[in-house]
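Here the structure is laid out as structure tokens; the discussion comes afterwards.
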Amino acid sequence: MEQQYQRDTICVQSGWKPKKGEPRVLPIYQSTTFKYETSEQMGKLFDLEESGYFYTRLQNPTNDFVASKICELEGGVAAMLTSSGQAANYYAVFNICETGDHCIMSSSVYGGTFNLLTVTMKKMGIECTVVDPDLPAEELSKAFRENTKCVLAETISNPTNVILDIEKFAKVAHEHGVPLIVDNTFATPINCRPFEWGADIVTHSTTKYMDGHAMTVGGCIVDSGNFDWEKYADKFPGLTTPDDSYHGITYTKKFGKGAYITKATAQLMRDLGSIQSPQNAFLLNIGLETLPLRMEKHCANAQKVAEFLEKHEKVAWVNYAGLESNKYHALAQKYMPNGTCGVIAFGLKGGRKVSEKLMDHLKLAAIVTHVADARTCVLHPASHTHRQMTDEQLLDAGIAPDLIRFSVGIENIKDILADLEQALDQI
């Protein structure tokens with residue numbers, strides 16, 4: 001029996017496992033296409049009768065080795081890389097939803113995901129009901145309809161730092177015969193593995209902590225293999241009835257626990273083409289090797305920053321689940337006992353304008369759209385990513401007009417705190 005490695009070992013050793021005479025480091029298969037000896041060999045690939053590579057828009061070996069590493073980290077059965085986290089969430093939902101279907105989403109999710117499901121996918125005929133993640137189970141249950149096909153939420157919301165009660169959401173979703181999709185970007189599988197708490201599918205923006213250096217945009221979808229699609233066959237005909245575009249293959253019957261990811265690859269990646277480049281997958285793999293080390297430092301630094309801000313006279317509020325005073329502290333201890341992430345949300349006395357001024361005085365922390373990489377960075381959503389919203393709309397989305405998203409890096413904590421202190425002194 002093959003040894004089961006710990007997560008930090010998986011980050012270094014899993015995925016690419018070279019044989020005699022092969023490169024020690026994961027190669028970049030920088031090729032659009034792959035050669036075969038006979039027409040029959042190629043034909044079997046197109047019929048999904050054999051596994052292999054023929055065109056990088058669908059699959060590439062570099063990508064698959066990295067996807068298998070992330071899959072092992074999450075404890076899943078199959079995974080695929082996408083060109084972005086947005087593509088991952090789109091594919092994850094669209095793989096099981098079509099025109100006339102309905103999904104449920106936590107109101108605290110990242111703004112891009114919120115818009116994807118409530119605006120863009122609405123144009124495709126897929127309705128979305130938005131729910132407060134803190135709703136009691138019986139209230140959450142009322143959001144389900146006969147045509148509901150999935151529930152989507154985030155382990156730690158971006159940018160509001162809401163901690164999801166994964167077990168509650170999974171239990172209610174399963175009572176209604178649908179899977180729970182969890183975006184695990186901020187926690188990463190180092191700090192939380194949603195499958196262990198009942199989630200069925202996990203997505204990631206690998207652009208964030210997994211890459212860790214703000215170099216590559218990418219996404220990933222991982223399937224736990226635990227959801228019984230056949231049990232609810234009428235709900236998920238795309239997986240449980242013949243696919244005419246592949247000579248009548250039924251994914252659940254032919255691929256078993258690999259059905260969901262195989263369909264996402266064979267159908268969605270084939271037709272929509274949001275593949276991650278092999279070069280980006282190679283760089284992502286380098287980031288993954290140090291992910292446990294960086295997450296430990298991110299969390300340790302963020303805890304000290306949150307404690308500093310909580311005591312500062314100019315700070316109105318701090319939302320970081322590592323603080324004992326935080327409303328999500330108990331949930332964080334349950335699901336992420338070793339730490340949450342390095343992102344802190346806080347606001348200043350004096351409101352929105354003072355928050356903007358603070359950022360202009362920071363020197364080490366850079367004002368950037370990005371979040372969750374090695375460098376400390378800062379963003380004011382009301383002025384930047386959510387600039388088009390009124391204060392009322394911001395509050396409806398759970399984003400206070402004075403909210404500052406502070407992404408704590410892995411620099412020396414003394415330097416991070418000194419930068420914050422000198423900026424706060426100037427407002």
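Here's how to read the names in the structure tokens: chain A, B, ... by the order shown, residue numbers from 1 in each chain, ligand numbers from 1 in the order shown.
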
Which parts of range 286-349 of chain A does DSSP call strand (DSSP E or B) when run on the backbone here, written out as a PyMOL selection string? chain A and resi 315-319+343-348

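The closest residue to Asp360 in chain A, picked from A:Ile413, A:Ile427, A:Leu135, A:Met210 and counting only C-alpha atoms, is A:Ile427.
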
Kindly indicate which residue among A:Leu394, A:Phe144, A:Val318, A:Gly198 lies nearest to Leu348 in chain A, using only C-alpha atoms for the distances. A:Val318

Proximity to Gln6 in chain A - best of A:Val172, A:Leu73, A:Val343, A:Ala67, only C-alpha atoms: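 Counting only C-alpha atoms, the residue closest to Gln6 in chain A is A:Leu73.
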
For Phe236 in chain A, which residue out of A:Asp391, A:Asp64, A:Asp425, A:Glu98 is the nearest one, using only C-alpha atoms?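 The closest residue to Phe236 in chain A is A:Glu98.
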
Pick from A:Ala372, A:Val93, A:Leu424, A:Pro61, whichever lies nearest to Leu81 in chain A using only C-alpha atoms: A:Pro61

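Candidate residues A:Asp8, A:Glu324, A:Glu72, A:Glu139 were compared for distance to Glu310 in chain A, and the nearest is A:Glu324, using only C-alpha atoms.
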
Expected answer as a VMD selection string: alpha helix (DSSP H) residues in range 187-298 of chain A: chain A and resid 188 to 191 237 to 240 251 to 255 259 to 263 270 to 272 278 to 289 291 to 298

Take the selection from the previous step and output its residues with N, CA and C atoms, as a short mmCIF file (atom, residue, chain, number, x, y, z; two decimals), in the first residue's frame.
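File produced: selection.cif:
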```cif
data_model
loop_
_atom_site.label_atom_id
_atom_site.label_comp_id
_atom_site.auth_asym_id
_atom_site.auth_seq_id
_atom_site.Cartn_x
_atom_site.Cartn_y
_atom_site.Cartn_z
N THR A 188 -6.95 27.71 1.76
CA THR A 188 -6.12 26.70 1.10
C THR A 188 -6.27 25.36 1.82
N PRO A 189 -5.94 24.24 1.15
CA PRO A 189 -6.04 22.94 1.82
C PRO A 189 -5.04 22.75 2.95
N ILE A 190 -4.12 23.68 3.11
CA ILE A 190 -3.19 23.61 4.25
C ILE A 190 -3.96 23.89 5.54
N ASN A 191 -4.88 24.84 5.51
CA ASN A 191 -5.62 25.22 6.73
C ASN A 191 -7.02 24.65 6.82
N PRO A 237 -29.11 15.37 -15.53
CA PRO A 237 -29.11 14.58 -16.78
C PRO A 237 -27.81 14.69 -17.56
N GLY A 238 -27.09 15.82 -17.41
CA GLY A 238 -25.82 15.97 -18.13
C GLY A 238 -24.80 14.93 -17.74
N LEU A 239 -24.90 14.43 -16.52
CA LEU A 239 -23.97 13.40 -16.04
C LEU A 239 -24.54 11.99 -16.13
N THR A 240 -25.88 11.88 -16.08
CA THR A 240 -26.50 10.55 -15.93
C THR A 240 -27.26 10.05 -17.15
N TYR A 251 -21.64 9.66 -18.50
CA TYR A 251 -20.43 9.89 -17.70
C TYR A 251 -20.41 9.10 -16.40
N THR A 252 -21.53 9.06 -15.70
CA THR A 252 -21.54 8.34 -14.41
C THR A 252 -21.32 6.85 -14.60
N LYS A 253 -21.85 6.31 -15.69
CA LYS A 253 -21.71 4.87 -15.92
C LYS A 253 -20.30 4.51 -16.41
N LYS A 254 -19.72 5.36 -17.24
CA LYS A 254 -18.41 5.04 -17.81
C LYS A 254 -17.24 5.44 -16.90
N PHE A 255 -17.41 6.54 -16.15
CA PHE A 255 -16.27 7.06 -15.40
C PHE A 255 -16.45 7.05 -13.89
N ALA A 259 -16.69 11.05 -13.03
CA ALA A 259 -17.66 11.56 -14.00
C ALA A 259 -17.68 13.08 -14.08
N TYR A 260 -17.70 13.74 -12.95
CA TYR A 260 -17.87 15.20 -12.92
C TYR A 260 -16.71 15.91 -13.61
N ILE A 261 -15.47 15.55 -13.25
CA ILE A 261 -14.30 16.22 -13.85
C ILE A 261 -14.14 15.82 -15.31
N THR A 262 -14.45 14.56 -15.64
CA THR A 262 -14.36 14.13 -17.05
C THR A 262 -15.31 14.94 -17.91
N LYS A 263 -16.54 15.14 -17.44
CA LYS A 263 -17.50 15.94 -18.20
C LYS A 263 -17.02 17.38 -18.33
N ARG A 270 -13.48 21.59 -23.77
CA ARG A 270 -13.48 21.42 -25.23
C ARG A 270 -14.15 22.62 -25.91
N ASP A 271 -15.31 23.04 -25.37
CA ASP A 271 -16.11 24.05 -26.05
C ASP A 271 -15.80 25.48 -25.65
N LEU A 272 -15.34 25.69 -24.41
CA LEU A 272 -15.11 27.05 -23.91
C LEU A 272 -13.63 27.40 -23.81
N PRO A 278 0.57 25.72 -19.85
CA PRO A 278 1.56 24.85 -19.18
C PRO A 278 2.63 25.65 -18.44
N GLN A 279 3.03 26.80 -19.00
CA GLN A 279 4.02 27.65 -18.33
C GLN A 279 3.50 28.13 -16.97
N ASN A 280 2.24 28.55 -16.94
CA ASN A 280 1.65 29.00 -15.68
C ASN A 280 1.51 27.85 -14.68
N ALA A 281 1.15 26.67 -15.19
CA ALA A 281 1.03 25.50 -14.31
C ALA A 281 2.39 25.16 -13.69
N PHE A 282 3.45 25.28 -14.47
CA PHE A 282 4.81 25.04 -13.98
C PHE A 282 5.15 26.01 -12.84
N LEU A 283 4.83 27.29 -13.03
CA LEU A 283 5.11 28.29 -12.00
C LEU A 283 4.23 28.06 -10.76
N LEU A 284 2.98 27.67 -10.99
CA LEU A 284 2.09 27.35 -9.88
C LEU A 284 2.67 26.21 -9.04
N ASN A 285 3.23 25.22 -9.70
CA ASN A 285 3.80 24.08 -8.99
C ASN A 285 4.95 24.51 -8.07
N ILE A 286 5.75 25.47 -8.53
CA ILE A 286 6.84 25.99 -7.69
C ILE A 286 6.25 26.67 -6.45
N GLY A 287 5.18 27.43 -6.64
CA GLY A 287 4.52 28.08 -5.51
C GLY A 287 3.98 27.07 -4.51
N LEU A 288 3.39 25.99 -5.02
CA LEU A 288 2.81 24.97 -4.14
C LEU A 288 3.85 24.34 -3.22
N GLU A 289 5.08 24.26 -3.68
CA GLU A 289 6.11 23.60 -2.88
C GLU A 289 6.36 24.31 -1.55
N LEU A 291 3.94 26.37 -0.11
CA LEU A 291 2.64 26.82 0.42
C LEU A 291 2.51 26.64 1.93
N PRO A 292 2.85 25.48 2.51
CA PRO A 292 2.69 25.34 3.97
C PRO A 292 3.55 26.32 4.77
N LEU A 293 4.77 26.55 4.31
CA LEU A 293 5.66 27.49 4.99
C LEU A 293 5.10 28.90 4.95
N ARG A 294 4.60 29.28 3.78
CA ARG A 294 4.07 30.63 3.64
C ARG A 294 2.77 30.82 4.42
N MET A 295 1.89 29.84 4.40
CA MET A 295 0.62 29.98 5.12
C MET A 295 0.85 30.13 6.62
N GLU A 296 1.81 29.40 7.14
CA GLU A 296 2.12 29.52 8.57
C GLU A 296 2.57 30.93 8.91
N LYS A 297 3.43 31.50 8.04
CA LYS A 297 3.94 32.86 8.27
C LYS A 297 2.85 33.91 8.04
N HIS A 298 2.06 33.73 6.99
CA HIS A 298 0.95 34.65 6.74
C HIS A 298 0.03 34.75 7.95
#
```

All residues 8 Å or closer to range 211-222 of chain A, only C-alpha atoms, same chain fewer than 3 positions away omitted, as a PDB file with N, CA and C atoms, in the first residue's frame:
```pdb
ATOM      1  N   ALA A  67      -2.545  19.522 -11.223  1.00  0.00           N
ATOM      2  CA  ALA A  67      -3.915  19.283 -10.750  1.00  0.00           C
ATOM      3  C   ALA A  67      -3.971  18.091  -9.809  1.00  0.00           C
ATOM      4  N   ILE A  70      -2.844  19.159  -6.328  1.00  0.00           N
ATOM      5  CA  ILE A  70      -3.895  19.892  -5.616  1.00  0.00           C
ATOM      6  C   ILE A  70      -5.011  18.946  -5.195  1.00  0.00           C
ATOM      7  N   CYS A  71      -5.325  17.988  -6.054  1.00  0.00           N
ATOM      8  CA  CYS A  71      -6.348  16.991  -5.748  1.00  0.00           C
ATOM      9  C   CYS A  71      -5.967  16.199  -4.494  1.00  0.00           C
ATOM     10  N   GLU A  74      -6.324  18.274  -1.314  1.00  0.00           N
ATOM     11  CA  GLU A  74      -7.705  18.438  -0.869  1.00  0.00           C
ATOM     12  C   GLU A  74      -8.355  17.114  -0.455  1.00  0.00           C
ATOM     13  N   GLY A  76      -9.313  14.765  -2.739  1.00  0.00           N
ATOM     14  CA  GLY A  76     -10.327  14.471  -3.745  1.00  0.00           C
ATOM     15  C   GLY A  76      -9.979  13.273  -4.613  1.00  0.00           C
ATOM     16  N   VAL A  77     -10.810  13.039  -5.646  1.00  0.00           N
ATOM     17  CA  VAL A  77     -10.572  11.915  -6.558  1.00  0.00           C
ATOM     18  C   VAL A  77     -10.142  12.373  -7.942  1.00  0.00           C
ATOM     19  N   ALA A  78     -10.473  13.622  -8.311  1.00  0.00           N
ATOM     20  CA  ALA A  78     -10.107  14.124  -9.637  1.00  0.00           C
ATOM     21  C   ALA A  78     -10.108  15.646  -9.601  1.00  0.00           C
ATOM     22  N   ALA A  79      -9.253  16.248 -10.460  1.00  0.00           N
ATOM     23  CA  ALA A  79      -9.145  17.706 -10.484  1.00  0.00           C
ATOM     24  C   ALA A  79      -8.745  18.181 -11.869  1.00  0.00           C
ATOM     25  N   MET A  80      -9.006  19.445 -12.135  1.00  0.00           N
ATOM     26  CA  MET A  80      -8.592  20.058 -13.394  1.00  0.00           C
ATOM     27  C   MET A  80      -8.184  21.497 -13.142  1.00  0.00           C
ATOM     28  N   LEU A  81      -7.201  21.975 -13.886  1.00  0.00           N
ATOM     29  CA  LEU A  81      -6.805  23.376 -13.825  1.00  0.00           C
ATOM     30  C   LEU A  81      -7.596  24.179 -14.847  1.00  0.00           C
ATOM     31  N   THR A  82      -7.828  25.444 -14.516  1.00  0.00           N
ATOM     32  CA  THR A  82      -8.477  26.370 -15.443  1.00  0.00           C
ATOM     33  C   THR A  82      -7.624  27.627 -15.560  1.00  0.00           C
ATOM     34  N   SER A  83      -8.011  28.504 -16.471  1.00  0.00           N
ATOM     35  CA  SER A  83      -7.191  29.681 -16.745  1.00  0.00           C
ATOM     36  C   SER A  83      -7.291  30.745 -15.662  1.00  0.00           C
ATOM     37  N   SER A  84      -8.317  30.660 -14.804  1.00  0.00           N
ATOM     38  CA  SER A  84      -8.491  31.631 -13.720  1.00  0.00           C
ATOM     39  C   SER A  84      -9.429  31.047 -12.674  1.00  0.00           C
ATOM     40  N   GLY A  85      -9.479  31.701 -11.516  1.00  0.00           N
ATOM     41  CA  GLY A  85     -10.437  31.292 -10.498  1.00  0.00           C
ATOM     42  C   GLY A  85     -11.863  31.536 -10.948  1.00  0.00           C
ATOM     43  N   GLN A  86     -12.080  32.602 -11.717  1.00  0.00           N
ATOM     44  CA  GLN A  86     -13.409  32.863 -12.263  1.00  0.00           C
ATOM     45  C   GLN A  86     -13.860  31.722 -13.167  1.00  0.00           C
ATOM     46  N   ALA A  87     -12.948  31.244 -14.012  1.00  0.00           N
ATOM     47  CA  ALA A  87     -13.283  30.122 -14.896  1.00  0.00           C
ATOM     48  C   ALA A  87     -13.595  28.868 -14.082  1.00  0.00           C
ATOM     49  N   ALA A  88     -12.862  28.666 -12.988  1.00  0.00           N
ATOM     50  CA  ALA A  88     -13.101  27.491 -12.141  1.00  0.00           C
ATOM     51  C   ALA A  88     -14.510  27.515 -11.559  1.00  0.00           C
ATOM     52  N   ASN A  89     -14.919  28.674 -11.019  1.00  0.00           N
ATOM     53  CA  ASN A  89     -16.264  28.762 -10.450  1.00  0.00           C
ATOM     54  C   ASN A  89     -17.342  28.651 -11.523  1.00  0.00           C
ATOM     55  N   ALA A  92     -17.493  24.985 -12.543  1.00  0.00           N
ATOM     56  CA  ALA A  92     -18.000  24.150 -11.452  1.00  0.00           C
ATOM     57  C   ALA A  92     -19.522  24.181 -11.406  1.00  0.00           C
ATOM     58  N   ILE A 201     -17.540  19.599  -3.869  1.00  0.00           N
ATOM     59  CA  ILE A 201     -16.646  20.118  -4.907  1.00  0.00           C
ATOM     60  C   ILE A 201     -15.935  21.329  -4.337  1.00  0.00           C
ATOM     61  N   VAL A 202     -14.645  21.448  -4.603  1.00  0.00           N
ATOM     62  CA  VAL A 202     -13.858  22.589  -4.132  1.00  0.00           C
ATOM     63  C   VAL A 202     -13.279  23.319  -5.334  1.00  0.00           C
ATOM     64  N   THR A 203     -13.302  24.643  -5.267  1.00  0.00           N
ATOM     65  CA  THR A 203     -12.664  25.450  -6.308  1.00  0.00           C
ATOM     66  C   THR A 203     -11.576  26.320  -5.679  1.00  0.00           C
ATOM     67  N   HIS A 204     -10.672  26.786  -6.520  1.00  0.00           N
ATOM     68  CA  HIS A 204      -9.598  27.679  -6.079  1.00  0.00           C
ATOM     69  C   HIS A 204      -9.293  28.704  -7.143  1.00  0.00           C
ATOM     70  N   SER A 205      -8.989  29.918  -6.704  1.00  0.00           N
ATOM     71  CA  SER A 205      -8.219  30.823  -7.529  1.00  0.00           C
ATOM     72  C   SER A 205      -6.774  30.547  -7.149  1.00  0.00           C
ATOM     73  N   THR A 206      -6.072  29.791  -7.981  1.00  0.00           N
ATOM     74  CA  THR A 206      -4.670  29.458  -7.681  1.00  0.00           C
ATOM     75  C   THR A 206      -3.781  30.695  -7.807  1.00  0.00           C
ATOM     76  N   THR A 207      -4.346  31.778  -8.347  1.00  0.00           N
ATOM     77  CA  THR A 207      -3.667  33.060  -8.466  1.00  0.00           C
ATOM     78  C   THR A 207      -3.200  33.572  -7.112  1.00  0.00           C
ATOM     79  N   LYS A 208      -3.907  33.178  -6.051  1.00  0.00           N
ATOM     80  CA  LYS A 208      -3.669  33.731  -4.722  1.00  0.00           C
ATOM     81  C   LYS A 208      -2.565  32.954  -3.993  1.00  0.00           C
ATOM     82  N   ILE A 261     -15.473  15.554 -13.254  1.00  0.00           N
ATOM     83  CA  ILE A 261     -14.304  16.219 -13.847  1.00  0.00           C
ATOM     84  C   ILE A 261     -14.137  15.815 -15.308  1.00  0.00           C
ATOM     85  N   GLN A 276      -5.490  26.497 -18.493  1.00  0.00           N
ATOM     86  CA  GLN A 276      -4.321  27.187 -17.946  1.00  0.00           C
ATOM     87  C   GLN A 276      -3.115  26.843 -18.820  1.00  0.00           C
ATOM     88  N   ASN A 280       2.241  28.554 -16.938  1.00  0.00           N
ATOM     89  CA  ASN A 280       1.650  28.998 -15.677  1.00  0.00           C
ATOM     90  C   ASN A 280       1.507  27.847 -14.682  1.00  0.00           C
ATOM     91  N   LEU A 283       4.829  27.288 -13.029  1.00  0.00           N
ATOM     92  CA  LEU A 283       5.109  28.286 -11.995  1.00  0.00           C
ATOM     93  C   LEU A 283       4.226  28.062 -10.764  1.00  0.00           C
ATOM     94  N   LEU A 284       2.984  27.672 -10.990  1.00  0.00           N
ATOM     95  CA  LEU A 284       2.092  27.348  -9.880  1.00  0.00           C
ATOM     96  C   LEU A 284       2.668  26.213  -9.044  1.00  0.00           C
ATOM     97  N   ASN A 285       3.228  25.224  -9.701  1.00  0.00           N
ATOM     98  CA  ASN A 285       3.803  24.084  -8.989  1.00  0.00           C
ATOM     99  C   ASN A 285       4.952  24.513  -8.073  1.00  0.00           C
ATOM    100  N   ILE A 286       5.748  25.468  -8.530  1.00  0.00           N
ATOM    101  CA  ILE A 286       6.836  25.988  -7.688  1.00  0.00           C
ATOM    102  C   ILE A 286       6.250  26.666  -6.452  1.00  0.00           C
ATOM    103  N   GLY A 287       5.177  27.433  -6.642  1.00  0.00           N
ATOM    104  CA  GLY A 287       4.518  28.078  -5.510  1.00  0.00           C
ATOM    105  C   GLY A 287       3.978  27.070  -4.512  1.00  0.00           C
ATOM    106  N   LEU A 288       3.391  25.993  -5.021  1.00  0.00           N
ATOM    107  CA  LEU A 288       2.811  24.971  -4.140  1.00  0.00           C
ATOM    108  C   LEU A 288       3.849  24.340  -3.216  1.00  0.00           C
ATOM    109  N   LEU A 291       3.936  26.370  -0.106  1.00  0.00           N
ATOM    110  CA  LEU A 291       2.644  26.824   0.420  1.00  0.00           C
ATOM    111  C   LEU A 291       2.508  26.641   1.933  1.00  0.00           C
ATOM    112  N   HIS A 370      -4.524  42.956  -6.315  1.00  0.00           N
ATOM    113  CA  HIS A 370      -4.255  41.574  -5.917  1.00  0.00           C
ATOM    114  C   HIS A 370      -4.366  41.390  -4.410  1.00  0.00           C
ATOM    115  N   ALA A 372      -3.356  38.151  -1.215  1.00  0.00           N
ATOM    116  CA  ALA A 372      -2.879  36.812  -0.852  1.00  0.00           C
ATOM    117  C   ALA A 372      -1.622  36.373  -1.607  1.00  0.00           C
ATOM    118  N   ASP A 373      -0.612  37.237  -1.605  1.00  0.00           N
ATOM    119  CA  ASP A 373       0.697  36.781  -2.062  1.00  0.00           C
ATOM    120  C   ASP A 373       1.739  37.173  -1.037  1.00  0.00           C
ATOM    121  N   ALA A 374       3.001  36.923  -1.334  1.00  0.00           N
ATOM    122  CA  ALA A 374       4.072  37.067  -0.348  1.00  0.00           C
ATOM    123  C   ALA A 374       4.251  38.497   0.148  1.00  0.00           C
ATOM    124  N   ARG A 375       3.839  39.478  -0.651  1.00  0.00           N
ATOM    125  CA  ARG A 375       4.043  40.880  -0.296  1.00  0.00           C
ATOM    126  C   ARG A 375       2.799  41.459   0.364  1.00  0.00           C
TER     127      ARG A 375
END
```

Neighbours of Pro179 in chain A within 9 Å (only C-alpha atoms; same-chain residues fewer than 2 positions away dropped), as an mmCIF file with C-alpha atoms, in the first residue's frame?
```cif
data_model
loop_
_atom_site.group_PDB
_atom_site.id
_atom_site.type_symbol
_atom_site.label_atom_id
_atom_site.label_comp_id
_atom_site.auth_asym_id
_atom_site.auth_seq_id
_atom_site.Cartn_x
_atom_site.Cartn_y
_atom_site.Cartn_z
ATOM 1 C CA LYS A 149 -28.894 22.119 -8.639
ATOM 2 C CA CYS A 150 -26.099 23.338 -6.350
ATOM 3 C CA VAL A 151 -25.025 25.621 -3.508
ATOM 4 C CA LEU A 152 -21.870 27.764 -3.699
ATOM 5 C CA ALA A 170 -23.468 20.619 3.393
ATOM 6 C CA ALA A 173 -27.691 20.901 0.518
ATOM 7 C CA HIS A 174 -27.666 17.108 0.853
ATOM 8 C CA HIS A 176 -32.297 18.636 -0.900
ATOM 9 C CA GLY A 177 -30.224 16.288 -3.076
ATOM 10 C CA ILE A 181 -19.400 23.769 -3.961
ATOM 11 C CA ALA A 199 -18.445 19.672 0.854
ATOM 12 C CA ASP A 200 -18.619 17.904 -2.520
ATOM 13 C CA ILE A 201 -16.646 20.118 -4.907
ATOM 14 C CA PHE A 227 -21.776 13.016 -4.298
#
```

Spatial neighbours of Trp317 in chain A, 12 Å, only C-alpha atoms, chain gap at least 6 places, as JSON, numbers by chain: {"A": [306, 307, 308, 309, 310, 311, 323, 325, 326, 344, 345, 346, 347, 348, 349, 350, 351, 400, 402, 403, 404]}

Taking C-alpha atoms for each residue, export the selection above as a PDB file, in the first residue's frame.
```pdb
ATOM      1  CA  ALA A 306      -5.108  42.051  13.886  1.00  0.00           C
ATOM      2  CA  GLU A 307      -4.203  42.303  17.584  1.00  0.00           C
ATOM      3  CA  PHE A 308      -2.373  45.586  16.940  1.00  0.00           C
ATOM      4  CA  LEU A 309      -5.318  47.062  15.015  1.00  0.00           C
ATOM      5  CA  GLU A 310      -7.879  45.917  17.580  1.00  0.00           C
ATOM      6  CA  LYS A 311      -6.105  47.951  20.277  1.00  0.00           C
ATOM      7  CA  LEU A 323      -9.238  37.219  17.404  1.00  0.00           C
ATOM      8  CA  SER A 325     -13.541  38.665  20.195  1.00  0.00           C
ATOM      9  CA  ASN A 326     -14.503  37.829  16.608  1.00  0.00           C
ATOM     10  CA  ILE A 344      -7.708  41.184   7.505  1.00  0.00           C
ATOM     11  CA  ALA A 345     -10.728  43.444   7.064  1.00  0.00           C
ATOM     12  CA  PHE A 346     -10.882  46.583   9.190  1.00  0.00           C
ATOM     13  CA  GLY A 347     -12.322  50.096   9.265  1.00  0.00           C
ATOM     14  CA  LEU A 348     -11.216  53.424  10.723  1.00  0.00           C
ATOM     15  CA  LYS A 349     -12.980  55.992  12.852  1.00  0.00           C
ATOM     16  CA  GLY A 350     -13.934  58.756  10.466  1.00  0.00           C
ATOM     17  CA  GLY A 351     -15.210  56.452   7.736  1.00  0.00           C
ATOM     18  CA  ALA A 400     -18.764  48.497   4.754  1.00  0.00           C
ATOM     19  CA  ASP A 402     -14.834  52.108   5.249  1.00  0.00           C
ATOM     20  CA  LEU A 403     -13.622  48.502   4.833  1.00  0.00           C
ATOM     21  CA  ILE A 404      -9.901  48.153   4.163  1.00  0.00           C
TER      22      ILE A 404
END
```
